[in-house]
Amino acid sequence: MKRNNFVSIMLNLLLTIGLWSHPAMALNSCLEDAEFVDRTGRAEISIANDNMSNPLLYRPRCVTISEGTLIRFRALPNFGMHPLFGGTVVEGVATIDPLSPIGSINSGQEAERLWFGNGEFPFFCDVHFGGGMMGSIRVVPQLFASGFD
Ligand SMILES: [Cu+2]
């Protein structure tokens with residue numbers, strides 16, 4: 001009984017100070033780990049709303065990449081119609097993250113981003129985030145297959 005209480009208190013303490021988070025937690029409704037498409041180890045990837053049957057869907061919407069991967073954002077017909085920002089959407093409220101390396105893209109059809117640093121980097125369309133036009137990029141450390149680092 002006392003031991004169970006101790007374990008319970010310790011787990012709550014870890015949760016409170018944030019050392020033990022749920023592994024499936026992610027941003028911009030990328031709730032499932034399985035939803036993150038694995039694109040690690042690639043030199044570059046493309047994220048675009050190029051699904052003709054759903055123009056509000058980014059593909060891939062939730063993606064895992066390696067550090068140093070070039071990200072090419074594409075918007076159809078253009079970013080004027082779908083201005084993209086780095087930031088979160090929580091309960092229908094979009095918040096721009098001024099520190100996001102994604103920044104803002106509001107003209108043209110294509111924009112590239114490349115940064116170093118791990119973590120999760122959510123993004124959204126400022127016009128259609130309410131319709132689900134949002135996603136998230138997980139960046140994991142680059143692993144060098146050749147054995148040097
Ligand atoms: Cu949009």
# chains A, B, ... in the order shown; residues from 1 in each chain; ligands from 1

call {"tool": "residues_near_ligand", "arguments": {"ligand": "ligand 1", "cutoff": "12 Å", "atoms": "only C-alpha atoms and all ligand atoms", "output": "PDB file with C-alpha atoms, in the first residue's frame"}}
result
ATOM      1  CA  ALA A  48       2.368  20.323 -50.683  1.00  0.00           C
ATOM      2  CA  ASN A  49      -1.420  20.602 -50.791  1.00  0.00           C
ATOM      3  CA  ASP A  50      -1.402  18.661 -54.046  1.00  0.00           C
ATOM      4  CA  ASN A  54      -8.742  17.673 -50.853  1.00  0.00           C
ATOM      5  CA  PRO A  55      -6.849  20.927 -51.528  1.00  0.00           C
ATOM      6  CA  LEU A  56      -6.678  21.641 -47.795  1.00  0.00           C
ATOM      7  CA  LEU A  57      -4.579  18.570 -47.080  1.00  0.00           C
ATOM      8  CA  TYR A  58      -0.827  18.900 -46.781  1.00  0.00           C
ATOM      9  CA  ARG A  74       4.652  24.036 -52.294  1.00  0.00           C
ATOM     10  CA  ALA A  75       1.190  25.611 -52.449  1.00  0.00           C
ATOM     11  CA  LEU A  76      -1.488  25.182 -55.093  1.00  0.00           C
ATOM     12  CA  PRO A  77      -2.374  27.554 -56.594  1.00  0.00           C
ATOM     13  CA  ASN A  78      -0.004  29.689 -54.482  1.00  0.00           C
ATOM     14  CA  PHE A  79       0.884  30.848 -50.983  1.00  0.00           C
ATOM     15  CA  GLY A  80      -1.199  33.983 -51.500  1.00  0.00           C
ATOM     16  CA  MET A  81      -4.239  31.699 -51.265  1.00  0.00           C
ATOM     17  CA  HIS A  82      -2.665  29.526 -48.585  1.00  0.00           C
ATOM     18  CA  PRO A  83      -0.314  31.645 -46.439  1.00  0.00           C
ATOM     19  CA  LEU A  84       1.787  29.295 -44.363  1.00  0.00           C
ATOM     20  CA  PHE A  85       3.112  30.048 -40.896  1.00  0.00           C
ATOM     21  CA  ILE A 105       5.440  32.132 -46.635  1.00  0.00           C
ATOM     22  CA  ASN A 106       2.756  34.238 -48.301  1.00  0.00           C
ATOM     23  CA  PHE A 123       2.823  24.780 -39.297  1.00  0.00           C
ATOM     24  CA  PHE A 124      -0.570  25.875 -40.572  1.00  0.00           C
ATOM     25  CA  CYS A 125      -2.368  27.713 -43.355  1.00  0.00           C
ATOM     26  CA  ASP A 126      -3.583  31.019 -41.958  1.00  0.00           C
ATOM     27  CA  VAL A 127      -6.790  30.901 -44.041  1.00  0.00           C
ATOM     28  CA  HIS A 128      -7.805  27.247 -43.738  1.00  0.00           C
ATOM     29  CA  PHE A 129      -6.400  25.911 -40.472  1.00  0.00           C
ATOM     30  CA  GLY A 130      -9.995  25.625 -39.258  1.00  0.00           C
ATOM     31  CA  GLY A 131     -10.547  23.119 -42.060  1.00  0.00           C
ATOM     32  CA  GLY A 132      -7.567  21.077 -40.949  1.00  0.00           C
ATOM     33  CA  MET A 133      -4.932  22.691 -43.145  1.00  0.00           C
ATOM     34  CA  MET A 134      -2.047  22.194 -40.733  1.00  0.00           C
ATOM     35  CA  GLY A 135       0.729  19.789 -40.027  1.00  0.00           C
TER      36      GLY A 135
END

call {"tool": "atom_distance", "arguments": {"atom1": "atom CA of A:Pro60", "atom2": "atom CA of A:Val37"}}
result
6.9 Å

call {"tool": "atom_distance", "arguments": {"atom1": "atom CA of A:Glu112", "atom2": "atom CA of A:Ala34"}}
result
25.8 Å

call {"tool": "select_by_dssp", "arguments": {"residues": "stretch 20-145 of chain A", "states": "strand (DSSP E)", "output": "PyMOL selection string"}}
result
chain A and resi 37-39+44-48+62-66+70-74+84-90+93-96+104-105+110-113+119-125+134-140

call {"tool": "residues_around", "arguments": {"residues": "A:Leu114", "least_positions_apart": "2", "cutoff": "8 Å", "atoms": "only C-alpha atoms", "output": "list in words"}}
result
Gly68, Thr69, Leu70, Ile71, Glu112 and Phe116 of chain A

call {"tool": "write_last_selection", "arguments": {"atoms": "N, CA and C atoms", "output": "PDB file, in the first residue's frame"}}
result
ATOM      1  N   GLY A  68      18.973  18.647 -41.098  1.00  0.00           N
ATOM      2  CA  GLY A  68      19.684  19.044 -42.303  1.00  0.00           C
ATOM      3  C   GLY A  68      18.973  18.688 -43.595  1.00  0.00           C
ATOM      4  N   THR A  69      17.754  18.160 -43.493  1.00  0.00           N
ATOM      5  CA  THR A  69      16.963  17.885 -44.699  1.00  0.00           C
ATOM      6  C   THR A  69      16.365  19.189 -45.221  1.00  0.00           C
ATOM      7  N   LEU A  70      16.482  19.394 -46.525  1.00  0.00           N
ATOM      8  CA  LEU A  70      15.869  20.563 -47.152  1.00  0.00           C
ATOM      9  C   LEU A  70      14.373  20.315 -47.292  1.00  0.00           C
ATOM     10  N   ILE A  71      13.582  21.253 -46.822  1.00  0.00           N
ATOM     11  CA  ILE A  71      12.129  21.136 -46.939  1.00  0.00           C
ATOM     12  C   ILE A  71      11.654  22.101 -48.017  1.00  0.00           C
ATOM     13  N   GLU A 112      11.748  27.182 -49.874  1.00  0.00           N
ATOM     14  CA  GLU A 112      12.591  26.168 -49.249  1.00  0.00           C
ATOM     15  C   GLU A 112      12.995  26.604 -47.850  1.00  0.00           C
ATOM     16  N   PHE A 116      19.060  23.584 -38.804  1.00  0.00           N
ATOM     17  CA  PHE A 116      19.638  22.539 -37.969  1.00  0.00           C
ATOM     18  C   PHE A 116      19.094  22.713 -36.565  1.00  0.00           C
TER      19      PHE A 116
END

call {"tool": "residues_around", "arguments": {"residues": "A:Cys30", "least_positions_apart": "6", "cutoff": "9 Å", "atoms": "only C-alpha atoms", "output": "VMD selection string"}}
result
chain A and resid 24 36 61 to 62 135 to 136

call {"tool": "atom_distance", "arguments": {"atom1": "atom CA of A:Phe73", "atom2": "atom CA of A:Glu91"}}
result
24.8 Å
